[in-house]
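A.B. asks: Could you have a look at this structure, given as structure tokens, before my questions?
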Amino acid sequence: MDSFYEFINRNSLILPFSTITVGVSGGPDSLALLHLLAEMRTRKNLKLAAVHLDHMFRGEESEREMNFVISFCKKLQIPCEAKQVDVKAYQEARGLSSQVAARECRYAFYKEAMEKHGAGFLALGHHADDQVETILMRLARGSTGEGTAGIPVSRSFHNGVLIRPLLGTPKSDILSYCEEHGLQPRFDPSNDSDTYTRNRFRQIVLPFLKQENPRVHERFQHFSENLREDEAYLEALTEKELHKVFKRKGKHEAELDSTGFNNMASPLQRRAIQLILNYLYKQVPPSISSIHIEKLRALISQKHPSGSLDYPKGLKVIKSYQKCLFTFEQEKHTPFMKELSVPGIMDLENGYQIIAELKSNYLERSNFSITMNPESISLPLVIRSRKQGDKMKLMGMNGSKKVKDIFINEKIPIHKRESWPIVEDAEGNIVWIPGLKKSAFAVSDPKGENIVLHYQMQ
Ligand SMILES: Nc1ncnc2c1ncn2[C@@H]1O[C@H](COP(=O)(O)OP(=O)(O)OP(=O)(O)O)[C@@H](O)[C@H]1O
């Protein structure tokens with residue numbers, strides 16, 4: 001087990017006087033890990049505690065496994081925290097996959113045990129072949145950035161550190177160790193979909209790689225560690241650049257300046273998207289892959305001013321001119337149509353209001369107000385949402401213009417167009433698009449009493 005000692009020393013994984021909880025399934029990896037740590041116990045002044053969770057997936061058989069772990073620990077004089085949890089019930093109540101449910105239950109129990117024993121470390125039995133398989137599976141699936149670096153040697157967990165001391169040791173060495181020391185591990189016939197995929201890599205790809213280079217796992221481990229370092233550096237750089245292009249950042253949405261984003265270097269753009277997704281999703285869905293990230297880069301850099309993408313779990317990315325909005329809020333715009341009394345005030349769903357009054361000799365040049373002669377329009381006025389084919393006669397221009405083209409020319413984002421008010425008279429003439437354009441019905445030289453409308457924030 002030279003590789004084991006070399007690996008833990010190189011990564012300073014086992015510090016003297018530590019209290020370490022060890023996740024033990026009863027399989028060869030975690031059994032060997034517990035045994036190895038027990039061997040180091042006196043020399044390093046370690047306090048150990050084993051943790052076993054019976055997922056109750058296989059009835060009596062898994063209960064036997066739990067009892068086996070308990071008696072194994074007794075022989076080594078290591079306290080063992082063992083618990084049975086009906087993971088299937090937990091899974092069904094929350095609509096999770098069995099794999100995710102089992103993981104959640106296990107990790108919650110690890111936390112409990114760490115607290116009970118005052119442990120600063122949790123050691124798990126992932127090994128070098130797991131690392132090679134994980135990296136290859138993630139590359140094949142299309143993971144990005146840190147994901148392709150595979151399993152970390154250590155990471156913070158709860159109030160301590162999760163360590164994987166066997167990550168430099170290949171499975172064959174672990175099995176030999178078990179045999180040499182008379183450990184009789186249990187083999188769990190797991191059948192989740194990840195295990196099926198993993199088995200194919202294990203049986204087909206790994207033998208080939210090991211034939212090419214029997215120490216191939218060391219190459220993968222170096223690759224993982226270097227990549228992790230590169231990633232940490234690039235991520236810090238990305239955060240700095242991303243900060244400059246954020247226009248807005250809320251809990252459920254974020255808005256970027258697309259020109260600023262396009263000016264970022266491509267490696268930072270990819271990482272920036274990943275950071276935004278990590279931020280908005282509490283847990284990034286596993287179905288998100290590099291394809292989503294490339295599609296998004298294409299959307300933001302495309303010449304066409306607007307477009308959108310639908311991501312899993314209802315996240316929508318909307319590009320509109322200079323802005324790119326990431327939002328979970330589904331715009332549910334129901335068409336509206338309401339009569340406006342004069343005088344009167346109407347509050348609109350987009351946060352604005354229209355104030356109608358009768359005023360003499362009043363005129364404002366801006367598009368946020370309109371003055372109309374009551375004799376040249378038919379009342380009542382109606383405030384409504386836009387309709388397909390809407391046209392309006394513009395003030396000072398011959399012929400009519402499509403409302404859609406007005407929105408495009410004024411660079412109004414698509415998601416705002418549905419809630420934008422249109423003012424129409426009783427004969428169906430569009431007289432005003434508040435804030436944007438006045439029609440030929442607007443008065444430019446007011447005489448006597450006129451209808452005056454204002455468009456302003458509520
Ligand atoms: N039921 C469990 N209770 C406690 N810890 C567990 C349990 N199952 C797995 N672990 C921990 O998680 C690690 C990884 O588990 P996984 O099932 O992915 O690997 P494995 O190759 O089957 O490992 P092992 O040979 O130890 O079963 C294990 O080595 C062990 O440390």
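By convention in this document, the chains of the structure tokens carry letters A, B, ... by their order, each chain's residues are numbered from 1, and ligands are numbered from 1 in the order they are shown.
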Give the residues close to ligand 1, within 7 Å, counting only C-alpha atoms and all ligand atoms; write them as a list in words.
C.D. replies: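 With only C-alpha atoms and all ligand atoms and a cut-off of 7 Å, ligand 1 is contacted by Val22, Gly23, Val24, Ser25, Gly26, Gly27, Pro28, Asp29, Ser30, Leu31, Val51, His52, Leu53, Asp54, His55, Arg106, Ala123, Leu124, Gly125, His126 and Asp188 of chain A.
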A.B. asks: Those same residues, written as an mmCIF file, in the first residue's frame with N, CA and C atoms?
C.D. replies:
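Output (part_31.cif):
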data_model
loop_
_atom_site.group_PDB
_atom_site.id
_atom_site.type_symbol
_atom_site.label_atom_id
_atom_site.label_comp_id
_atom_site.auth_asym_id
_atom_site.auth_seq_id
_atom_site.Cartn_x
_atom_site.Cartn_y
_atom_site.Cartn_z
ATOM 1 N N VAL A 22 -15.755 7.506 9.213
ATOM 2 C CA VAL A 22 -15.482 6.787 7.963
ATOM 3 C C VAL A 22 -16.782 6.173 7.463
ATOM 4 N N GLY A 23 -17.183 6.507 6.237
ATOM 5 C CA GLY A 23 -18.391 5.917 5.656
ATOM 6 C C GLY A 23 -18.075 4.492 5.240
ATOM 7 N N VAL A 24 -18.769 3.529 5.843
ATOM 8 C CA VAL A 24 -18.459 2.117 5.553
ATOM 9 C C VAL A 24 -19.711 1.413 5.025
ATOM 10 N N SER A 25 -19.620 0.935 3.790
ATOM 11 C CA SER A 25 -20.779 0.248 3.208
ATOM 12 C C SER A 25 -20.736 -1.244 3.509
ATOM 13 N N GLY A 26 -19.516 -1.738 3.747
ATOM 14 C CA GLY A 26 -19.349 -3.185 3.893
ATOM 15 C C GLY A 26 -18.697 -3.750 2.641
ATOM 16 N N GLY A 27 -18.540 -2.909 1.615
ATOM 17 C CA GLY A 27 -17.859 -3.316 0.383
ATOM 18 C C GLY A 27 -16.339 -3.256 0.578
ATOM 19 N N PRO A 28 -15.579 -3.757 -0.417
ATOM 20 C CA PRO A 28 -14.125 -3.855 -0.259
ATOM 21 C C PRO A 28 -13.421 -2.510 -0.034
ATOM 22 N N ASP A 29 -13.894 -1.461 -0.711
ATOM 23 C CA ASP A 29 -13.177 -0.182 -0.658
ATOM 24 C C ASP A 29 -13.218 0.431 0.737
ATOM 25 N N SER A 30 -14.451 0.558 1.255
ATOM 26 C CA SER A 30 -14.552 1.228 2.555
ATOM 27 C C SER A 30 -14.060 0.329 3.691
ATOM 28 N N LEU A 31 -14.149 -0.997 3.477
ATOM 29 C CA LEU A 31 -13.634 -1.910 4.505
ATOM 30 C C LEU A 31 -12.107 -1.793 4.584
ATOM 31 N N VAL A 51 -19.434 4.901 10.091
ATOM 32 C CA VAL A 51 -20.837 5.271 9.877
ATOM 33 C C VAL A 51 -21.406 4.360 8.793
ATOM 34 N N HIS A 52 -22.494 3.683 9.124
ATOM 35 C CA HIS A 52 -23.135 2.838 8.104
ATOM 36 C C HIS A 52 -24.621 3.144 8.042
ATOM 37 N N LEU A 53 -25.114 3.376 6.845
ATOM 38 C CA LEU A 53 -26.552 3.573 6.677
ATOM 39 C C LEU A 53 -27.123 2.400 5.892
ATOM 40 N N ASP A 54 -28.124 1.746 6.481
ATOM 41 C CA ASP A 54 -28.820 0.685 5.752
ATOM 42 C C ASP A 54 -29.974 1.355 5.005
ATOM 43 N N HIS A 55 -29.873 1.363 3.680
ATOM 44 C CA HIS A 55 -30.894 2.019 2.860
ATOM 45 C C HIS A 55 -32.197 1.221 2.787
ATOM 46 N N ARG A 106 -27.748 9.372 3.242
ATOM 47 C CA ARG A 106 -26.407 9.022 3.730
ATOM 48 C C ARG A 106 -25.668 10.262 4.232
ATOM 49 N N ALA A 123 -14.163 10.387 5.927
ATOM 50 C CA ALA A 123 -13.388 9.691 4.893
ATOM 51 C C ALA A 123 -14.292 8.731 4.135
ATOM 52 N N LEU A 124 -14.219 8.783 2.793
ATOM 53 C CA LEU A 124 -14.998 7.859 1.960
ATOM 54 C C LEU A 124 -14.044 7.037 1.088
ATOM 55 N N GLY A 125 -14.567 5.886 0.632
ATOM 56 C CA GLY A 125 -13.682 4.902 -0.003
ATOM 57 C C GLY A 125 -13.554 4.970 -1.521
ATOM 58 N N HIS A 126 -13.798 6.133 -2.137
ATOM 59 C CA HIS A 126 -13.619 6.213 -3.593
ATOM 60 C C HIS A 126 -12.153 5.974 -3.942
ATOM 61 N N ASP A 188 -22.323 -5.345 -3.044
ATOM 62 C CA ASP A 188 -23.693 -4.838 -3.170
ATOM 63 C C ASP A 188 -24.124 -4.844 -4.644
#
A.B. asks: Do a neighbour search on range 391-398 of chain A at 7 Å with only C-alpha atoms, toss out local chain neighbours closer than 4 positions, and write the hits as a VMD selection string.
C.D. replies: chain A and resid 402 to 403 430 438 to 440 442
A.B. asks: Would you save the residues of that selection, restricted to C-alpha atoms, as a short mmCIF file (atom, residue, chain, number, x, y, z; two decimals), in the first residue's frame?
C.D. replies:
data_model
loop_
_atom_site.label_atom_id
_atom_site.label_comp_id
_atom_site.auth_asym_id
_atom_site.auth_seq_id
_atom_site.Cartn_x
_atom_site.Cartn_y
_atom_site.Cartn_z
CA LYS A 402 -47.25 48.29 -38.19
CA VAL A 403 -47.22 48.38 -34.39
CA ILE A 430 -55.01 53.32 -32.44
CA LYS A 438 -48.42 59.48 -31.03
CA SER A 439 -50.89 59.02 -33.86
CA ALA A 440 -52.21 61.53 -36.38
CA ALA A 442 -52.74 63.97 -31.55
#
A.B. asks: How many Å lie between CA of Arg417 in chain A and CA of Gly351 in chain A, rounded to one decimal?
C.D. replies: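 CA of Gly351 in chain A lies 13.6 Å from CA of Arg417 in chain A.
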A.B. asks: Among range 108-224 of chain A, which residues does DSSP mark as alpha helix (DSSP H) when it is run on the backbone? Keep the chain and numbering as in the structure and answer as a PyMOL selection string.
C.D. replies: chain A and resi 108-117+128-141+171-180+193-200+206-212+216-224
A.B. asks: Running DSSP on the backbone, which parts of range 142-363 of chain A land in strand (DSSP E), as a PDB file with N, CA and C atoms, in the first residue's frame?
C.D. replies:
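File produced: states_22.pdb:
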ATOM      1  N   SER A 154     -10.208  16.249  -1.641  1.00  0.00           N
ATOM      2  CA  SER A 154     -10.815  16.748  -0.412  1.00  0.00           C
ATOM      3  C   SER A 154     -11.664  17.959  -0.746  1.00  0.00           C
ATOM      4  N   ARG A 155     -12.679  18.160   0.042  1.00  0.00           N
ATOM      5  CA  ARG A 155     -13.516  19.354  -0.109  1.00  0.00           C
ATOM      6  C   ARG A 155     -14.182  19.628   1.227  1.00  0.00           C
ATOM      7  N   SER A 156     -14.617  20.870   1.412  1.00  0.00           N
ATOM      8  CA  SER A 156     -15.226  21.148   2.700  1.00  0.00           C
ATOM      9  C   SER A 156     -16.587  20.453   2.771  1.00  0.00           C
ATOM     10  N   PHE A 157     -16.930  19.994   3.940  1.00  0.00           N
ATOM     11  CA  PHE A 157     -18.195  19.289   4.136  1.00  0.00           C
ATOM     12  C   PHE A 157     -18.673  19.524   5.562  1.00  0.00           C
ATOM     13  N   GLY A 160     -16.504  20.392   8.535  1.00  0.00           N
ATOM     14  CA  GLY A 160     -15.162  19.817   8.417  1.00  0.00           C
ATOM     15  C   GLY A 160     -14.768  19.600   6.973  1.00  0.00           C
ATOM     16  N   VAL A 161     -14.056  18.480   6.747  1.00  0.00           N
ATOM     17  CA  VAL A 161     -13.516  18.210   5.407  1.00  0.00           C
ATOM     18  C   VAL A 161     -13.832  16.770   5.016  1.00  0.00           C
ATOM     19  N   LEU A 162     -14.296  16.617   3.758  1.00  0.00           N
ATOM     20  CA  LEU A 162     -14.519  15.265   3.237  1.00  0.00           C
ATOM     21  C   LEU A 162     -13.238  14.853   2.517  1.00  0.00           C
ATOM     22  N   ILE A 163     -12.673  13.715   2.912  1.00  0.00           N
ATOM     23  CA  ILE A 163     -11.420  13.271   2.277  1.00  0.00           C
ATOM     24  C   ILE A 163     -11.593  11.907   1.619  1.00  0.00           C
ATOM     25  N   PHE A 246     -22.793  42.420 -15.212  1.00  0.00           N
ATOM     26  CA  PHE A 246     -24.110  42.239 -14.604  1.00  0.00           C
ATOM     27  C   PHE A 246     -24.857  43.561 -14.621  1.00  0.00           C
ATOM     28  N   LYS A 247     -26.099  43.528 -15.084  1.00  0.00           N
ATOM     29  CA  LYS A 247     -26.911  44.740 -15.005  1.00  0.00           C
ATOM     30  C   LYS A 247     -27.757  44.646 -13.738  1.00  0.00           C
ATOM     31  N   ARG A 248     -28.144  43.411 -13.434  1.00  0.00           N
ATOM     32  CA  ARG A 248     -29.056  43.183 -12.325  1.00  0.00           C
ATOM     33  C   ARG A 248     -28.885  41.738 -11.890  1.00  0.00           C
ATOM     34  N   LYS A 249     -28.987  41.490 -10.583  1.00  0.00           N
ATOM     35  CA  LYS A 249     -28.865  40.116 -10.106  1.00  0.00           C
ATOM     36  C   LYS A 249     -29.849  39.923  -8.968  1.00  0.00           C
ATOM     37  N   GLU A 253     -33.600  35.826 -10.919  1.00  0.00           N
ATOM     38  CA  GLU A 253     -33.217  36.270 -12.261  1.00  0.00           C
ATOM     39  C   GLU A 253     -31.929  37.057 -12.270  1.00  0.00           C
ATOM     40  N   ALA A 254     -31.342  37.103 -13.447  1.00  0.00           N
ATOM     41  CA  ALA A 254     -30.101  37.869 -13.612  1.00  0.00           C
ATOM     42  C   ALA A 254     -30.144  38.493 -15.000  1.00  0.00           C
ATOM     43  N   GLU A 255     -29.571  39.677 -15.112  1.00  0.00           N
ATOM     44  CA  GLU A 255     -29.573  40.349 -16.419  1.00  0.00           C
ATOM     45  C   GLU A 255     -28.156  40.798 -16.746  1.00  0.00           C
ATOM     46  N   LEU A 256     -27.738  40.494 -17.968  1.00  0.00           N
ATOM     47  CA  LEU A 256     -26.377  40.818 -18.398  1.00  0.00           C
ATOM     48  C   LEU A 256     -26.395  41.845 -19.505  1.00  0.00           C
ATOM     49  N   ASP A 257     -25.300  42.567 -19.628  1.00  0.00           N
ATOM     50  CA  ASP A 257     -25.112  43.425 -20.776  1.00  0.00           C
ATOM     51  C   ASP A 257     -24.483  42.552 -21.858  1.00  0.00           C
ATOM     52  N   SER A 306     -33.050  39.716 -31.097  1.00  0.00           N
ATOM     53  CA  SER A 306     -33.769  39.012 -30.037  1.00  0.00           C
ATOM     54  C   SER A 306     -33.881  37.524 -30.305  1.00  0.00           C
ATOM     55  N   GLY A 307     -34.060  36.806 -29.222  1.00  0.00           N
ATOM     56  CA  GLY A 307     -34.191  35.353 -29.297  1.00  0.00           C
ATOM     57  C   GLY A 307     -34.259  34.824 -27.878  1.00  0.00           C
ATOM     58  N   SER A 308     -34.654  33.552 -27.746  1.00  0.00           N
ATOM     59  CA  SER A 308     -34.722  33.015 -26.383  1.00  0.00           C
ATOM     60  C   SER A 308     -34.417  31.526 -26.387  1.00  0.00           C
ATOM     61  N   LEU A 309     -34.089  31.024 -25.218  1.00  0.00           N
ATOM     62  CA  LEU A 309     -33.798  29.597 -25.046  1.00  0.00           C
ATOM     63  C   LEU A 309     -34.555  29.108 -23.813  1.00  0.00           C
ATOM     64  N   ASP A 310     -35.067  27.888 -23.901  1.00  0.00           N
ATOM     65  CA  ASP A 310     -35.722  27.306 -22.731  1.00  0.00           C
ATOM     66  C   ASP A 310     -34.804  26.275 -22.121  1.00  0.00           C
ATOM     67  N   TYR A 311     -34.516  26.444 -20.843  1.00  0.00           N
ATOM     68  CA  TYR A 311     -33.652  25.509 -20.119  1.00  0.00           C
ATOM     69  C   TYR A 311     -34.501  24.656 -19.195  1.00  0.00           C
ATOM     70  N   LEU A 315     -36.311  27.546 -16.563  1.00  0.00           N
ATOM     71  CA  LEU A 315     -35.435  28.717 -16.703  1.00  0.00           C
ATOM     72  C   LEU A 315     -35.469  29.161 -18.171  1.00  0.00           C
ATOM     73  N   LYS A 316     -35.701  30.463 -18.376  1.00  0.00           N
ATOM     74  CA  LYS A 316     -35.775  30.990 -19.727  1.00  0.00           C
ATOM     75  C   LYS A 316     -34.663  32.030 -19.880  1.00  0.00           C
ATOM     76  N   VAL A 317     -33.983  31.993 -21.020  1.00  0.00           N
ATOM     77  CA  VAL A 317     -32.967  33.011 -21.286  1.00  0.00           C
ATOM     78  C   VAL A 317     -33.457  33.827 -22.470  1.00  0.00           C
ATOM     79  N   ILE A 318     -33.612  35.132 -22.259  1.00  0.00           N
ATOM     80  CA  ILE A 318     -34.183  35.988 -23.296  1.00  0.00           C
ATOM     81  C   ILE A 318     -33.153  37.042 -23.679  1.00  0.00           C
ATOM     82  N   LYS A 319     -32.777  37.028 -24.961  1.00  0.00           N
ATOM     83  CA  LYS A 319     -31.870  38.072 -25.422  1.00  0.00           C
ATOM     84  C   LYS A 319     -32.702  39.144 -26.117  1.00  0.00           C
ATOM     85  N   SER A 320     -32.448  40.374 -25.762  1.00  0.00           N
ATOM     86  CA  SER A 320     -33.168  41.445 -26.410  1.00  0.00           C
ATOM     87  C   SER A 320     -32.247  42.653 -26.502  1.00  0.00           C
ATOM     88  N   LYS A 323     -29.549  43.536 -23.862  1.00  0.00           N
ATOM     89  CA  LYS A 323     -29.729  42.819 -22.601  1.00  0.00           C
ATOM     90  C   LYS A 323     -29.918  41.327 -22.813  1.00  0.00           C
ATOM     91  N   CYS A 324     -29.484  40.573 -21.818  1.00  0.00           N
ATOM     92  CA  CYS A 324     -29.765  39.145 -21.829  1.00  0.00           C
ATOM     93  C   CYS A 324     -30.294  38.796 -20.443  1.00  0.00           C
ATOM     94  N   LEU A 325     -31.542  38.337 -20.422  1.00  0.00           N
ATOM     95  CA  LEU A 325     -32.220  38.093 -19.151  1.00  0.00           C
ATOM     96  C   LEU A 325     -32.341  36.592 -18.899  1.00  0.00           C
ATOM     97  N   PHE A 326     -31.931  36.164 -17.701  1.00  0.00           N
ATOM     98  CA  PHE A 326     -32.132  34.781 -17.253  1.00  0.00           C
ATOM     99  C   PHE A 326     -33.260  34.858 -16.232  1.00  0.00           C
ATOM    100  N   THR A 327     -34.361  34.150 -16.471  1.00  0.00           N
ATOM    101  CA  THR A 327     -35.470  34.280 -15.514  1.00  0.00           C
ATOM    102  C   THR A 327     -36.263  32.994 -15.347  1.00  0.00           C
ATOM    103  N   MET A 337     -58.174  44.452 -22.047  1.00  0.00           N
ATOM    104  CA  MET A 337     -58.925  45.482 -22.755  1.00  0.00           C
ATOM    105  C   MET A 337     -59.843  46.153 -21.744  1.00  0.00           C
ATOM    106  N   LYS A 338     -59.621  47.449 -21.484  1.00  0.00           N
ATOM    107  CA  LYS A 338     -60.445  48.129 -20.473  1.00  0.00           C
ATOM    108  C   LYS A 338     -60.815  49.523 -20.960  1.00  0.00           C
ATOM    109  N   GLU A 339     -61.991  49.967 -20.567  1.00  0.00           N
ATOM    110  CA  GLU A 339     -62.419  51.328 -20.937  1.00  0.00           C
ATOM    111  C   GLU A 339     -61.765  52.357 -20.031  1.00  0.00           C
ATOM    112  N   LEU A 340     -61.338  53.457 -20.631  1.00  0.00           N
ATOM    113  CA  LEU A 340     -60.712  54.518 -19.830  1.00  0.00           C
ATOM    114  C   LEU A 340     -61.706  55.659 -19.662  1.00  0.00           C
ATOM    115  N   GLY A 344     -59.902  60.235 -15.329  1.00  0.00           N
ATOM    116  CA  GLY A 344     -59.765  58.951 -14.624  1.00  0.00           C
ATOM    117  C   GLY A 344     -58.315  58.492 -14.595  1.00  0.00           C
ATOM    118  N   ILE A 345     -58.095  57.464 -13.780  1.00  0.00           N
ATOM    119  CA  ILE A 345     -56.735  56.894 -13.682  1.00  0.00           C
ATOM    120  C   ILE A 345     -56.854  55.388 -13.868  1.00  0.00           C
ATOM    121  N   MET A 346     -55.988  54.814 -14.688  1.00  0.00           N
ATOM    122  CA  MET A 346     -55.997  53.357 -14.843  1.00  0.00           C
ATOM    123  C   MET A 346     -54.604  52.804 -14.538  1.00  0.00           C
ATOM    124  N   ASP A 347     -54.545  51.903 -13.525  1.00  0.00           N
ATOM    125  CA  ASP A 347     -53.269  51.237 -13.217  1.00  0.00           C
ATOM    126  C   ASP A 347     -53.095  50.047 -14.143  1.00  0.00           C
ATOM    127  N   TYR A 352     -47.072  50.667 -14.740  1.00  0.00           N
ATOM    128  CA  TYR A 352     -47.328  52.063 -15.124  1.00  0.00           C
ATOM    129  C   TYR A 352     -48.803  52.399 -14.902  1.00  0.00           C
ATOM    130  N   GLN A 353     -49.157  53.683 -15.121  1.00  0.00           N
ATOM    131  CA  GLN A 353     -50.567  54.066 -15.069  1.00  0.00           C
ATOM    132  C   GLN A 353     -50.843  55.105 -16.151  1.00  0.00           C
ATOM    133  N   ILE A 354     -52.121  55.163 -16.549  1.00  0.00           N
ATOM    134  CA  ILE A 354     -52.524  56.189 -17.502  1.00  0.00           C
ATOM    135  C   ILE A 354     -53.479  57.133 -16.776  1.00  0.00           C
ATOM    136  N   ILE A 355     -53.156  58.421 -16.833  1.00  0.00           N
ATOM    137  CA  ILE A 355     -53.999  59.422 -16.185  1.00  0.00           C
ATOM    138  C   ILE A 355     -54.694  60.203 -17.297  1.00  0.00           C
ATOM    139  N   ALA A 356     -56.017  60.262 -17.227  1.00  0.00           N
ATOM    140  CA  ALA A 356     -56.769  60.994 -18.248  1.00  0.00           C
ATOM    141  C   ALA A 356     -57.391  62.232 -17.621  1.00  0.00           C
ATOM    142  N   GLU A 357     -57.273  63.362 -18.306  1.00  0.00           N
ATOM    143  CA  GLU A 357     -57.901  64.592 -17.771  1.00  0.00           C
ATOM    144  C   GLU A 357     -58.362  65.493 -18.913  1.00  0.00           C
ATOM    145  N   LEU A 358     -59.194  66.481 -18.563  1.00  0.00           N
ATOM    146  CA  LEU A 358     -59.632  67.477 -19.540  1.00  0.00           C
ATOM    147  C   LEU A 358     -58.877  68.757 -19.214  1.00  0.00           C
ATOM    148  N   LYS A 359     -58.163  69.290 -20.209  1.00  0.00           N
ATOM    149  CA  LYS A 359     -57.318  70.450 -19.924  1.00  0.00           C
ATOM    150  C   LYS A 359     -57.367  71.409 -21.103  1.00  0.00           C
ATOM    151  N   SER A 360     -57.240  72.702 -20.800  1.00  0.00           N
ATOM    152  CA  SER A 360     -57.247  73.685 -21.888  1.00  0.00           C
ATOM    153  C   SER A 360     -55.829  74.098 -22.221  1.00  0.00           C
TER     154      SER A 360
END
A.B. asks: Under the rule that only C-alpha atoms are counted, which of A:Thr134, A:Asn67, A:Asn262, A:Ser419 is the nearest residue to Leu296 in chain A?
C.D. replies: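 Among the listed residues, A:Asn262 lies closest to Leu296 in chain A.
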A.B. asks: Measuring atom to atom with only C-alpha atoms, identify which of A:Arg164, A:Lys111, A:His127, A:Gln84 is nearest to Ile14 in chain A.
C.D. replies: A:Arg164
